[in-house]
file coords.cif (mmCIF, C-alpha atoms)
data_work
#
loop_
_atom_site.label_atom_id
_atom_site.label_comp_id
_atom_site.auth_asym_id
_atom_site.auth_seq_id
_atom_site.Cartn_x
_atom_site.Cartn_y
_atom_site.Cartn_z
CA MET A 1 -24.57 -46.09 94.90
CA LYS A 2 -23.94 -47.07 91.29
CA THR A 3 -27.04 -45.16 90.19
CA ALA A 4 -25.89 -42.08 92.10
CA ILE A 5 -22.50 -42.19 90.34
CA VAL A 6 -24.16 -42.57 86.93
CA ILE A 7 -26.48 -39.63 87.65
CA ALA A 8 -23.54 -37.50 88.85
CA LEU A 9 -21.60 -38.34 85.67
CA LEU A 10 -24.60 -37.49 83.49
CA ILE A 11 -24.99 -34.13 85.23
CA ALA A 12 -21.26 -33.40 84.88
CA ASN A 13 -21.33 -34.24 81.19
CA SER A 14 -24.37 -32.11 80.55
CA THR A 15 -22.95 -28.98 82.17
CA PRO A 16 -23.90 -26.18 79.84
CA ALA A 17 -21.22 -24.18 78.09
CA HIS A 18 -20.06 -21.26 80.19
CA ALA A 19 -19.36 -18.57 77.65
CA ALA A 20 -21.96 -15.93 76.91
CA GLY A 21 -22.40 -13.36 74.16
CA LYS A 22 -20.39 -13.44 70.96
CA ARG A 23 -17.74 -15.79 72.36
CA ALA A 24 -20.45 -18.41 73.02
CA GLU A 25 -20.58 -18.85 69.24
CA LEU A 26 -17.28 -20.74 69.48
CA ASP A 27 -19.04 -23.65 71.15
CA GLY A 28 -19.96 -26.39 68.72
CA VAL A 29 -18.67 -28.92 66.23
CA TRP A 30 -16.80 -27.59 63.20
CA ILE A 31 -15.60 -28.84 59.84
CA LEU A 32 -12.76 -27.36 57.87
CA LEU A 33 -13.71 -25.00 55.07
CA ARG A 34 -10.19 -24.06 54.00
CA ALA A 35 -6.70 -23.47 55.37
CA GLU A 36 -4.27 -20.78 54.32
CA ILE A 37 -0.56 -20.80 55.01
CA GLY A 38 1.19 -17.48 55.55
CA ASN A 39 4.61 -16.46 54.38
CA LEU A 40 6.86 -19.44 55.01
CA GLN A 41 10.51 -18.58 55.52
CA LEU A 42 12.64 -21.39 56.87
CA THR A 43 16.10 -21.14 58.35
CA PRO A 44 18.82 -23.23 56.62
CA ALA A 45 18.27 -25.89 59.28
CA GLY A 46 14.54 -25.95 58.50
CA GLU A 47 15.20 -26.11 54.75
CA LYS A 48 17.63 -28.99 55.21
CA LEU A 49 15.15 -31.04 57.19
CA ARG A 50 12.35 -30.29 54.76
CA ALA A 51 14.49 -31.40 51.80
CA ALA A 52 15.34 -34.67 53.54
CA TYR A 53 11.76 -35.38 54.60
CA ASP A 54 10.38 -38.69 53.32
CA TYR A 55 6.75 -39.08 54.20
CA GLN A 56 6.83 -42.85 54.12
CA LYS A 57 9.46 -42.93 56.85
CA ASP A 58 8.99 -39.66 58.68
CA ASP A 59 5.24 -39.02 58.81
CA PRO A 60 4.02 -39.72 62.37
CA ASP A 61 0.49 -40.28 61.00
CA PHE A 62 1.56 -43.73 59.87
CA GLN A 63 2.17 -44.59 63.51
CA CYS A 64 -1.19 -43.03 64.47
CA LYS A 65 0.60 -40.17 66.20
CA PRO A 66 -0.67 -36.61 65.65
CA ALA A 67 2.34 -34.48 64.76
CA SER A 68 0.92 -31.17 66.03
CA PHE A 69 -2.36 -29.34 66.48
CA THR A 70 -1.68 -27.64 63.15
CA ARG A 71 -1.28 -31.02 61.48
CA ILE A 72 -4.46 -32.28 63.11
CA MET A 73 -6.42 -29.32 61.79
CA HIS A 74 -5.01 -29.74 58.30
CA THR A 75 -6.84 -33.06 57.97
CA PRO A 76 -9.96 -32.00 56.10
CA SER A 77 -12.72 -34.43 57.01
CA PRO A 78 -12.59 -35.11 60.78
CA PRO A 79 -14.31 -32.29 62.67
CA ILE A 80 -13.23 -30.50 65.83
CA GLU A 81 -15.32 -29.50 68.82
CA VAL A 82 -15.00 -26.48 71.11
CA ARG A 83 -16.67 -26.39 74.54
CA GLN A 84 -16.02 -23.43 76.82
CA ARG A 85 -16.36 -24.09 80.53
CA GLN A 86 -16.00 -21.84 83.55
CA ASP A 87 -12.32 -22.54 84.18
CA HIS A 88 -11.19 -24.33 81.04
CA VAL A 89 -11.89 -24.94 77.38
CA GLU A 90 -12.19 -28.38 75.86
CA VAL A 91 -11.05 -28.74 72.27
CA ASN A 92 -11.79 -32.20 70.98
CA TYR A 93 -10.32 -33.34 67.70
CA GLU A 94 -11.80 -36.39 66.03
CA PHE A 95 -8.50 -37.05 64.21
CA MET A 96 -6.43 -39.44 66.34
CA ASP A 97 -8.85 -39.06 69.27
CA VAL A 98 -7.11 -35.98 70.64
CA ARG A 99 -8.90 -34.56 73.68
CA ARG A 100 -7.39 -31.25 74.70
CA ARG A 101 -8.08 -29.37 77.92
CA VAL A 102 -6.94 -25.75 78.08
CA PRO A 103 -7.04 -24.09 81.52
CA LEU A 104 -8.32 -20.51 81.72
CA LYS A 105 -6.22 -19.34 84.62
CA LYS A 106 -4.86 -15.83 84.81
CA GLY A 107 -1.13 -15.73 85.47
CA LEU A 108 -0.57 -19.40 84.64
CA ALA A 109 2.38 -19.80 82.28
CA PRO A 110 2.09 -22.57 79.67
CA LYS A 111 5.22 -24.26 81.03
CA ASN A 112 3.43 -24.71 84.37
CA ALA A 113 0.17 -25.99 82.89
CA PRO A 114 -0.62 -29.70 82.64
CA TYR A 115 -0.17 -31.46 79.32
CA ALA A 116 -2.93 -30.19 77.03
CA ALA A 117 -3.72 -33.69 75.76
CA SER A 118 -2.71 -36.23 78.38
CA LYS A 119 -2.61 -39.04 75.80
CA TYR A 120 -0.14 -37.06 73.67
CA PRO A 121 2.33 -35.16 75.89
CA HIS A 122 4.47 -34.21 72.88
CA LEU A 123 1.74 -31.71 71.92
CA GLY A 124 2.81 -29.51 74.84
CA ARG A 125 1.08 -27.46 77.51
CA SER A 126 -1.55 -24.84 76.78
CA VAL A 127 -3.16 -21.92 78.61
CA GLY A 128 -6.12 -19.86 77.42
CA GLN A 129 -7.48 -16.38 77.99
CA TYR A 130 -9.90 -14.06 76.23
CA ASP A 131 -8.99 -11.00 74.23
CA GLY A 132 -12.40 -9.41 73.86
CA GLU A 133 -14.50 -12.08 72.16
CA THR A 134 -11.48 -13.99 70.86
CA LEU A 135 -10.15 -17.02 72.71
CA VAL A 136 -6.36 -16.92 72.74
CA VAL A 137 -4.48 -20.15 73.49
CA GLU A 138 -0.74 -20.16 74.05
CA THR A 139 1.21 -23.42 73.92
CA ALA A 140 4.77 -24.27 74.91
CA GLY A 141 6.66 -27.45 75.62
CA GLN A 142 5.98 -29.00 72.24
CA ARG A 143 8.60 -31.65 71.55
CA ALA A 144 11.01 -31.39 68.65
CA GLY A 145 9.92 -33.25 65.55
CA VAL A 146 7.62 -33.02 62.56
CA LEU A 147 5.16 -30.13 62.71
CA ASP A 148 3.22 -30.64 59.50
CA THR A 149 2.88 -33.34 56.88
CA LEU A 150 -0.12 -32.18 54.90
CA GLY A 151 -0.39 -28.37 54.62
CA VAL A 152 3.37 -27.92 54.44
CA PRO A 153 4.85 -31.42 54.19
CA GLY A 154 8.18 -31.80 55.93
CA LEU A 155 7.86 -28.81 58.22
CA TYR A 156 9.77 -29.36 61.45
CA GLN A 157 9.53 -27.77 64.89
CA SER A 158 12.08 -27.42 67.67
CA ASP A 159 11.39 -27.72 71.38
CA GLN A 160 11.81 -23.95 71.56
CA MET A 161 8.66 -23.36 69.54
CA ARG A 162 5.89 -21.27 71.06
CA THR A 163 2.46 -21.30 69.46
CA VAL A 164 -0.43 -18.85 69.75
CA GLU A 165 -3.90 -19.78 68.48
CA ARG A 166 -6.66 -17.20 68.18
CA PHE A 167 -10.18 -18.67 68.04
CA ILE A 168 -12.33 -15.99 66.41
CA PRO A 169 -16.14 -16.40 66.47
CA ASP A 170 -18.30 -15.35 63.53
CA GLY A 171 -21.74 -16.92 63.86
CA ASP A 172 -21.74 -20.24 62.02
CA LYS A 173 -18.15 -19.68 60.96
CA MET A 174 -15.04 -19.76 63.07
CA GLN A 175 -11.48 -18.84 62.29
CA ILE A 176 -8.46 -20.23 64.11
CA VAL A 177 -5.33 -18.24 63.38
CA VAL A 178 -2.26 -20.18 64.46
CA THR A 179 1.12 -18.49 64.78
CA HIS A 180 4.22 -20.61 65.32
CA TYR A 181 7.28 -18.84 66.73
CA ASP A 182 10.34 -21.02 66.31
CA PRO A 183 13.77 -19.37 66.18
CA VAL A 184 15.43 -22.63 65.16
CA TYR A 185 13.44 -23.35 61.99
CA PHE A 186 11.47 -20.19 61.06
CA ILE A 187 13.05 -16.90 60.05
CA GLN A 188 9.78 -15.21 60.85
CA PRO A 189 6.69 -16.52 62.63
CA LEU A 190 4.62 -18.88 60.51
CA THR A 191 0.90 -18.21 60.39
CA VAL A 192 -1.69 -20.77 59.38
CA THR A 193 -5.33 -19.70 59.19
CA PHE A 194 -8.03 -22.34 59.46
CA ASN A 195 -11.55 -21.39 58.46
CA TYR A 196 -14.29 -23.58 59.90
CA LEU A 197 -17.96 -24.11 59.27
CA ARG A 198 -20.42 -25.16 61.95
CA LEU A 199 -21.62 -28.76 61.54
CA PRO A 200 -25.21 -28.75 62.83
CA GLY A 201 -25.89 -31.82 64.94
CA GLY A 202 -22.27 -32.82 64.54
CA LYS A 203 -20.59 -35.19 66.93
CA ILE A 204 -17.00 -36.21 67.51
CA GLU A 205 -16.75 -39.92 66.82
CA GLU A 206 -14.08 -42.38 67.88
CA TRP A 207 -11.10 -42.48 65.49
CA GLY A 208 -9.47 -45.67 66.75
CA CYS A 209 -6.38 -45.57 64.56
CA LYS A 210 -4.22 -48.71 64.50
CA PRO A 211 -0.65 -48.40 63.19
CA GLU A 212 -0.83 -51.66 61.25
CA GLU A 213 -3.84 -50.27 59.37
CA ALA A 214 -2.33 -46.82 58.84
CA THR A 215 1.12 -47.66 57.53
CA PHE A 216 1.87 -47.10 53.86
CA GLU A 217 3.47 -50.53 53.78
CA ARG A 218 0.07 -52.19 53.89
CA PHE A 219 0.03 -51.73 50.13
CA ILE A 220 3.22 -53.72 49.66
CA PRO A 221 2.16 -57.39 49.41
CA ALA A 222 5.46 -58.73 50.75
CA LYS A 223 5.07 -56.65 53.89
CA LYS A 224 1.52 -57.80 54.63
CA MET B 1 -13.93 -58.57 31.61
CA TYR B 2 -10.53 -59.63 30.31
CA ARG B 3 -10.39 -56.64 27.97
CA LYS B 4 -11.16 -54.26 30.83
CA PHE B 5 -8.51 -55.86 33.00
CA ALA B 6 -6.00 -55.72 30.16
CA ALA B 7 -6.67 -52.00 29.75
CA ALA B 8 -6.28 -51.52 33.48
CA ALA B 9 -3.10 -53.59 33.50
CA MET B 10 -1.65 -51.53 30.66
CA MET B 11 -2.52 -48.38 32.50
CA VAL B 12 -1.00 -49.50 35.77
CA SER B 13 2.13 -50.73 34.00
CA TRP B 14 2.52 -47.34 32.44
CA LEU B 15 2.00 -45.77 35.84
CA PHE B 16 4.59 -48.06 37.37
CA LEU B 17 7.14 -47.06 34.77
CA SER B 18 6.38 -43.39 34.87
CA CYS B 19 5.79 -42.69 38.53
CA ALA B 20 7.87 -40.01 40.15
CA PRO B 21 10.70 -41.20 42.38
CA GLY B 22 9.61 -39.27 45.42
CA LEU B 23 6.34 -37.68 46.40
CA ALA B 24 6.29 -35.21 49.22
CA HIS B 25 3.33 -36.30 51.28
CA HIS B 26 0.37 -38.57 51.55
CA SER B 27 -2.59 -36.48 50.46
CA VAL B 28 -5.05 -37.95 47.97
CA ALA B 29 -4.23 -35.31 45.36
CA ALA B 30 -0.49 -35.97 45.63
CA ASN B 31 -0.70 -39.73 45.44
CA PHE B 32 -3.57 -40.41 43.07
CA ASP B 33 -4.02 -39.05 39.58
CA GLN B 34 -7.50 -37.65 39.79
CA THR B 35 -7.51 -36.74 36.10
CA LYS B 36 -7.53 -40.45 35.17
CA THR B 37 -9.89 -43.31 35.91
CA VAL B 38 -9.48 -47.05 35.60
CA ASP B 39 -12.08 -49.81 35.93
CA VAL B 40 -10.79 -52.70 38.00
CA ILE B 41 -12.84 -55.90 37.98
CA GLY B 42 -12.33 -58.36 40.74
CA LYS B 43 -13.72 -60.42 43.56
CA VAL B 44 -14.00 -58.61 46.88
CA LYS B 45 -11.56 -60.22 49.29
CA GLU B 46 -11.87 -57.73 52.14
CA VAL B 47 -13.81 -54.59 52.96
CA ALA B 48 -12.13 -52.62 55.74
CA ILE B 49 -14.11 -49.49 56.54
CA ARG B 50 -11.84 -47.82 59.07
CA ASN B 51 -9.80 -44.78 60.06
CA PRO B 52 -7.64 -43.12 58.87
CA HIS B 53 -8.33 -44.68 55.45
CA SER B 54 -10.72 -47.38 54.36
CA GLN B 55 -9.56 -50.12 52.04
CA ILE B 56 -11.18 -52.64 49.72
CA THR B 57 -9.00 -55.53 48.62
CA LEU B 58 -9.88 -57.10 45.28
CA GLU B 59 -8.64 -60.35 43.80
CA VAL B 60 -8.06 -59.63 40.14
CA THR B 61 -7.43 -62.28 37.50
CA LYS B 62 -4.17 -61.74 35.66
CA PRO B 63 -4.13 -62.10 31.86
CA GLU B 64 -1.48 -64.82 32.11
CA GLY B 65 -3.46 -66.69 34.74
CA GLY B 66 -3.57 -66.62 38.48
CA VAL B 67 -4.80 -63.77 40.63
CA THR B 68 -3.24 -60.65 42.07
CA GLU B 69 -4.45 -58.25 44.75
CA PHE B 70 -5.54 -54.72 43.96
CA TYR B 71 -6.06 -52.24 46.81
CA VAL B 72 -8.72 -49.57 46.69
CA GLU B 73 -8.00 -46.71 49.07
CA TRP B 74 -10.97 -44.72 50.36
CA SER B 75 -12.02 -42.08 52.88
CA ASP B 76 -11.96 -42.57 56.61
CA LYS B 77 -14.84 -44.52 58.13
CA ASN B 78 -16.29 -41.56 60.04
CA ALA B 79 -16.46 -39.43 56.91
CA LEU B 80 -18.12 -42.19 54.89
CA LEU B 81 -20.77 -42.63 57.58
CA ARG B 82 -21.37 -38.84 57.77
CA ARG B 83 -21.84 -38.82 54.02
CA SER B 84 -24.28 -41.75 54.28
CA VAL B 85 -22.32 -43.83 51.80
CA PRO B 86 -23.94 -47.31 51.69
CA VAL B 87 -20.69 -49.18 52.34
CA GLY B 88 -22.61 -52.18 53.71
CA LYS B 89 -23.74 -53.04 50.19
CA ILE B 90 -20.24 -54.14 49.21
CA HIS B 91 -19.86 -57.76 50.27
CA VAL B 92 -16.88 -60.10 50.44
CA GLY B 93 -17.06 -62.63 47.61
CA ASP B 94 -18.98 -60.35 45.23
CA MET B 95 -17.61 -59.75 41.74
CA VAL B 96 -17.50 -55.96 41.38
CA THR B 97 -16.20 -53.28 39.08
CA VAL B 98 -14.49 -50.52 40.99
CA ASN B 99 -13.68 -47.30 39.20
CA VAL B 100 -10.55 -45.74 40.68
CA SER B 101 -8.14 -42.88 40.27
CA PRO B 102 -4.83 -44.70 39.84
CA SER B 103 -1.94 -44.34 42.23
CA ARG B 104 1.00 -42.33 40.96
CA ARG B 105 3.34 -44.63 42.84
CA LEU B 106 2.06 -48.18 43.00
CA PRO B 107 0.59 -50.31 40.21
CA ASN B 108 -1.75 -52.22 42.53
CA LEU B 109 -3.47 -49.25 44.12
CA GLY B 110 -6.21 -46.77 43.26
CA TYR B 111 -8.55 -44.34 44.98
CA PHE B 112 -12.27 -45.13 45.09
CA ARG B 113 -14.67 -43.34 42.76
CA THR B 114 -17.57 -45.77 42.28
CA ALA B 115 -18.30 -49.46 42.71
CA THR B 116 -20.71 -51.37 40.49
CA LEU B 117 -22.19 -54.33 42.32
CA PRO B 118 -23.39 -57.66 40.83
CA ASP B 119 -27.02 -56.44 40.70
CA GLY B 120 -26.00 -53.30 38.84
CA THR B 121 -26.25 -51.00 41.86
CA VAL B 122 -23.62 -48.28 41.71
CA VAL B 123 -22.19 -47.22 45.06
CA LYS B 124 -21.13 -43.59 44.87
CA ASP B 125 -19.40 -41.25 47.28
CA CYS B 126 -19.84 -37.50 46.81
CA GLY B 127 -16.57 -36.83 48.69
CA PHE B 128 -15.68 -34.38 51.44
CA ALA B 129 -15.71 -31.24 49.28
CA ALA B 130 -19.30 -31.83 48.15
CA PHE B 131 -20.32 -32.69 51.71
CA ARG B 132 -18.76 -29.49 53.04
CA ASP B 133 -20.37 -27.43 50.25
CA GLY B 134 -23.72 -28.96 51.11
CA ILE B 135 -23.33 -27.98 54.77
CA ALA B 136 -22.36 -24.46 53.68
CA LYS B 137 -25.62 -24.26 51.72
CA GLY B 138 -27.64 -25.30 54.78
CA LYS B 139 -28.19 -28.89 53.67
CA THR B 140 -27.54 -31.89 55.88
CA GLY B 141 -24.96 -33.38 53.56
CA CYS B 142 -23.98 -33.78 49.93
#
call {"tool": "encode", "arguments": {"input": "coords.cif", "output": "structure tokens"}}
result
Amino acid sequence: MKTAIVIALLIANSTPAHAAGKRAELDGVWILLRAEIGNLQLTPAGEKLRAAYDYQKDDPDFQCKPASFTRIMHTPSPPIEVRQRQDHVEVNYEFMDVRRRVPLKKGLAPKNAPYAASKYPHLGRSVGQYDGETLVVETAGQRAGVLDTLGVPGLYQSDQMRTVERFIPDGDKMQIVVTHYDPVYFIQPLTVTFNYLRLPGGKIEEWGCKPEEATFERFIPAKK
Amino acid sequence: MYRKFAAAAMMVSWLFLSCAPGLAHHSVAANFDQTKTVDVIGKVKEVAIRNPHSQITLEVTKPEGGVTEFYVEWSDKNALLRRSVPVGKIHVGDMVTVNVSPSRRLPNLGYFRTATLPDGTVVKDCGFAAFRDGIAKGKTGC
């Protein structure tokens, strides 16, 4: 019985990627080449929060909590993985061990989708569909808080924010164009473009972050 | 050794006095002055190769006597392993010279550049940018 379960699990885990043609190029492990931030125009409320931001107190990274998918992707060294399946897409981020499952279900609104990363419900609910060869992922239900601490430190998001990510294949390169729509903190939608490079033979490793090892205060002898 | 430590101590004192009151975020470039380098000589107290940042703790002899701890911040464990950095060569108890980019904020902190071990071996890390550039050129790493 045990052997049968192990074999079944092995088969399930070795299911080949579903996508064919150009979009199949999205499948793989990727490292960040560069990130570009579009025209950032904050509302007065967004400016106020950004001015008051203190990374030592307000950066969720120090509690091993990924602020947002944009923040995750701004971390340069840990790679990400994309695996397209028949009815969903897996996006696995090495940073903070984020495992994201995006259903590909026509007519499903993000608000009715399950949490994209069950371990981190604050990251919201995502739904995917294809626009030609581009994978388009829409996310809603992201909780209010810090959006970015690295690309744009002190950028905040409200719970009204809607995010659209376009995964664009280009052989051994991939572009993810992220657009954040947030009427509370952005005067106009904020676009962040992440350019990725395929990592041949790459693998997503365990991150295993521990807050006591991540906090800035570990450098303060009295706090040790 | 004392002269090197004195130079380092002078440098870190200057850094302590001159550091900006508030830095916006925790990136390496924002927190460490990568235009400067300091040699710190000390006994390895702890080697913690981990995520999100690795850390080497050195016990450094103070000019006036006694020891103080100096922290060497480094890349995440996964990145170091991908870059095949021989981190296992740095052992607790070894007297080493670690070359660091000094912290802009704290006098007892620097970012790893190289480590010279007791047998003269120099542990180097090419860094993420060189690793990424190597991959872009079709190599397997740096």
call {"tool": "atom_distance", "arguments": {"input": "coords.cif", "atom1": "CA of Ser126 in chain A", "atom2": "CA of Met161 in chain A"}}
result
12.6 Å
call {"tool": "atom_distance", "arguments": {"input": "coords.cif", "atom1": "CA of Pro60 in chain A", "atom2": "CA of Gly202 in chain A"}}
result
27.3 Å
call {"tool": "resolve_selection", "arguments": {"input": "coords.cif", "expression": "the PyMOL selection byres ((chain B) within 12 of (chain A))", "output": "JSON list (two decimals) with C-alpha atoms, keeping the file's coordinate frame"}}
result
[["chain", "number", "residue", "atom", "x", "y", "z"],
["B", 21, "PRO", "CA", 10.70, -41.20, 42.38],
["B", 22, "GLY", "CA", 9.61, -39.27, 45.42],
["B", 23, "LEU", "CA", 6.34, -37.68, 46.40],
["B", 24, "ALA", "CA", 6.29, -35.21, 49.22],
["B", 25, "HIS", "CA", 3.33, -36.30, 51.28],
["B", 26, "HIS", "CA", 0.37, -38.57, 51.55],
["B", 27, "SER", "CA", -2.59, -36.48, 50.46],
["B", 28, "VAL", "CA", -5.05, -37.95, 47.97],
["B", 29, "ALA", "CA", -4.23, -35.31, 45.36],
["B", 30, "ALA", "CA", -0.49, -35.97, 45.63],
["B", 31, "ASN", "CA", -0.70, -39.73, 45.44],
["B", 48, "ALA", "CA", -12.13, -52.62, 55.74],
["B", 49, "ILE", "CA", -14.11, -49.49, 56.54],
["B", 50, "ARG", "CA", -11.84, -47.82, 59.07],
["B", 51, "ASN", "CA", -9.80, -44.78, 60.06],
["B", 52, "PRO", "CA", -7.64, -43.12, 58.87],
["B", 53, "HIS", "CA", -8.33, -44.68, 55.45],
["B", 54, "SER", "CA", -10.72, -47.38, 54.36],
["B", 55, "GLN", "CA", -9.56, -50.12, 52.04],
["B", 56, "ILE", "CA", -11.18, -52.64, 49.72],
["B", 57, "THR", "CA", -9.00, -55.53, 48.62],
["B", 68, "THR", "CA", -3.24, -60.65, 42.07],
["B", 69, "GLU", "CA", -4.45, -58.25, 44.75],
["B", 70, "PHE", "CA", -5.54, -54.72, 43.96],
["B", 71, "TYR", "CA", -6.06, -52.24, 46.81],
["B", 72, "VAL", "CA", -8.72, -49.57, 46.69],
["B", 73, "GLU", "CA", -8.00, -46.71, 49.07],
["B", 75, "SER", "CA", -12.02, -42.08, 52.88],
["B", 76, "ASP", "CA", -11.96, -42.57, 56.61],
["B", 77, "LYS", "CA", -14.84, -44.52, 58.13],
["B", 78, "ASN", "CA", -16.29, -41.56, 60.04],
["B", 79, "ALA", "CA", -16.46, -39.43, 56.91],
["B", 80, "LEU", "CA", -18.12, -42.19, 54.89],
["B", 81, "LEU", "CA", -20.77, -42.63, 57.58],
["B", 82, "ARG", "CA", -21.37, -38.84, 57.77],
["B", 83, "ARG", "CA", -21.84, -38.82, 54.02],
["B", 103, "SER", "CA", -1.94, -44.34, 42.23],
["B", 105, "ARG", "CA", 3.34, -44.63, 42.84],
["B", 106, "LEU", "CA", 2.06, -48.18, 43.00],
["B", 107, "PRO", "CA", 0.59, -50.31, 40.21],
["B", 108, "ASN", "CA", -1.75, -52.22, 42.53],
["B", 109, "LEU", "CA", -3.47, -49.25, 44.12],
["B", 110, "GLY", "CA", -6.21, -46.77, 43.26],
["B", 127, "GLY", "CA", -16.57, -36.83, 48.69],
["B", 128, "PHE", "CA", -15.68, -34.38, 51.44],
["B", 129, "ALA", "CA", -15.71, -31.24, 49.28],
["B", 130, "ALA", "CA", -19.30, -31.83, 48.15],
["B", 131, "PHE", "CA", -20.32, -32.69, 51.71],
["B", 132, "ARG", "CA", -18.76, -29.49, 53.04],
["B", 133, "ASP", "CA", -20.37, -27.43, 50.25],
["B", 134, "GLY", "CA", -23.72, -28.96, 51.11],
["B", 135, "ILE", "CA", -23.33, -27.98, 54.77],
["B", 136, "ALA", "CA", -22.36, -24.46, 53.68],
["B", 137, "LYS", "CA", -25.62, -24.26, 51.72],
["B", 138, "GLY", "CA", -27.64, -25.30, 54.78],
["B", 139, "LYS", "CA", -28.19, -28.89, 53.67],
["B", 140, "THR", "CA", -27.54, -31.89, 55.88],
["B", 141, "GLY", "CA", -24.96, -33.38, 53.56]]
call {"tool": "atom_distance", "arguments": {"input": "coords.cif", "atom1": "CA of His91 in chain B", "atom2": "CA of Val47 in chain B"}}
result
7.3 Å
call {"tool": "resolve_selection", "arguments": {"input": "coords.cif", "expression": "the PyMOL selection byres ((chain B and resi 122) around 12)", "output": "compact mmCIF listing (two decimals) with C-alpha atoms, in the frame of the given file"}}
result
# COMPACT_ATOMS: atom_id res chain seq x y z
CA VAL B 85 -22.32 -43.83 51.80
CA PRO B 86 -23.94 -47.31 51.69
CA VAL B 87 -20.69 -49.18 52.34
CA LYS B 89 -23.74 -53.04 50.19
CA ILE B 90 -20.24 -54.14 49.21
CA VAL B 96 -17.50 -55.96 41.38
CA THR B 97 -16.20 -53.28 39.08
CA VAL B 98 -14.49 -50.52 40.99
CA ASN B 99 -13.68 -47.30 39.20
CA ARG B 113 -14.67 -43.34 42.76
CA THR B 114 -17.57 -45.77 42.28
CA ALA B 115 -18.30 -49.46 42.71
CA THR B 116 -20.71 -51.37 40.49
CA LEU B 117 -22.19 -54.33 42.32
CA PRO B 118 -23.39 -57.66 40.83
CA ASP B 119 -27.02 -56.44 40.70
CA GLY B 120 -26.00 -53.30 38.84
CA THR B 121 -26.25 -51.00 41.86
CA VAL B 123 -22.19 -47.22 45.06
CA LYS B 124 -21.13 -43.59 44.87
CA ASP B 125 -19.40 -41.25 47.28
call {"tool": "resolve_selection", "arguments": {"input": "coords.cif", "expression": "the PyMOL selection byres ((chain A and resi 112) around 10)", "output": "JSON, numbers by chain"}}
result
{"A": [108, 109, 110, 111, 113, 114, 115, 125, 126, 127, 140, 141]}
call {"tool": "closest_residue", "arguments": {"input": "coords.cif", "among": "A:Pro66, A:Pro44, A:Pro189, A:Pro169", "to": "Asp97 in chain A", "atoms": "only C-alpha atoms"}}
result
A:Pro66
call {"tool": "residues_around", "arguments": {"input": "coords.cif", "residues": "Leu26 in chain A", "least_positions_apart": "6", "cutoff": "8 Å", "atoms": "only C-alpha atoms", "output": "list in words"}}
result
Val82, Arg83, Gln84, Phe167, Ile168, Pro169 and Met174 of chain A
call {"tool": "build_atoms", "arguments": {"input": "coords.cif", "residues": "range 122-133 of chain B", "atoms": "N, CA and C atoms", "output": "PDB file, in the coordinates of the input"}}
result
ATOM      1  N   VAL B 122     -24.890 -49.016  41.706  1.00  0.00           N
ATOM      2  CA  VAL B 122     -23.620 -48.280  41.710  1.00  0.00           C
ATOM      3  C   VAL B 122     -23.495 -47.540  43.046  1.00  0.00           C
ATOM      4  N   VAL B 123     -22.466 -47.904  43.794  1.00  0.00           N
ATOM      5  CA  VAL B 123     -22.190 -47.220  45.060  1.00  0.00           C
ATOM      6  C   VAL B 123     -21.337 -46.000  44.743  1.00  0.00           C
ATOM      7  N   LYS B 124     -21.846 -44.839  45.154  1.00  0.00           N
ATOM      8  CA  LYS B 124     -21.130 -43.590  44.870  1.00  0.00           C
ATOM      9  C   LYS B 124     -20.774 -42.897  46.177  1.00  0.00           C
ATOM     10  N   ASP B 125     -19.784 -42.055  46.123  1.00  0.00           N
ATOM     11  CA  ASP B 125     -19.400 -41.250  47.280  1.00  0.00           C
ATOM     12  C   ASP B 125     -19.186 -39.818  46.781  1.00  0.00           C
ATOM     13  N   CYS B 126     -19.951 -38.883  47.308  1.00  0.00           N
ATOM     14  CA  CYS B 126     -19.840 -37.500  46.810  1.00  0.00           C
ATOM     15  C   CYS B 126     -18.505 -36.871  47.193  1.00  0.00           C
ATOM     16  N   GLY B 127     -17.866 -37.380  48.266  1.00  0.00           N
ATOM     17  CA  GLY B 127     -16.570 -36.830  48.690  1.00  0.00           C
ATOM     18  C   GLY B 127     -16.733 -35.687  49.687  1.00  0.00           C
ATOM     19  N   PHE B 128     -15.627 -35.375  50.365  1.00  0.00           N
ATOM     20  CA  PHE B 128     -15.680 -34.380  51.440  1.00  0.00           C
ATOM     21  C   PHE B 128     -16.029 -32.986  50.922  1.00  0.00           C
ATOM     22  N   ALA B 129     -15.476 -32.601  49.776  1.00  0.00           N
ATOM     23  CA  ALA B 129     -15.710 -31.240  49.280  1.00  0.00           C
ATOM     24  C   ALA B 129     -17.195 -30.993  49.026  1.00  0.00           C
ATOM     25  N   ALA B 130     -17.866 -31.978  48.420  1.00  0.00           N
ATOM     26  CA  ALA B 130     -19.300 -31.830  48.150  1.00  0.00           C
ATOM     27  C   ALA B 130     -20.097 -31.832  49.449  1.00  0.00           C
ATOM     28  N   PHE B 131     -19.662 -32.649  50.403  1.00  0.00           N
ATOM     29  CA  PHE B 131     -20.320 -32.690  51.710  1.00  0.00           C
ATOM     30  C   PHE B 131     -20.216 -31.316  52.386  1.00  0.00           C
ATOM     31  N   ARG B 132     -19.008 -30.797  52.408  1.00  0.00           N
ATOM     32  CA  ARG B 132     -18.760 -29.490  53.040  1.00  0.00           C
ATOM     33  C   ARG B 132     -19.567 -28.395  52.324  1.00  0.00           C
ATOM     34  N   ASP B 133     -19.607 -28.437  50.990  1.00  0.00           N
ATOM     35  CA  ASP B 133     -20.370 -27.430  50.250  1.00  0.00           C
ATOM     36  C   ASP B 133     -21.852 -27.531  50.559  1.00  0.00           C
TER      37      ASP B 133
END
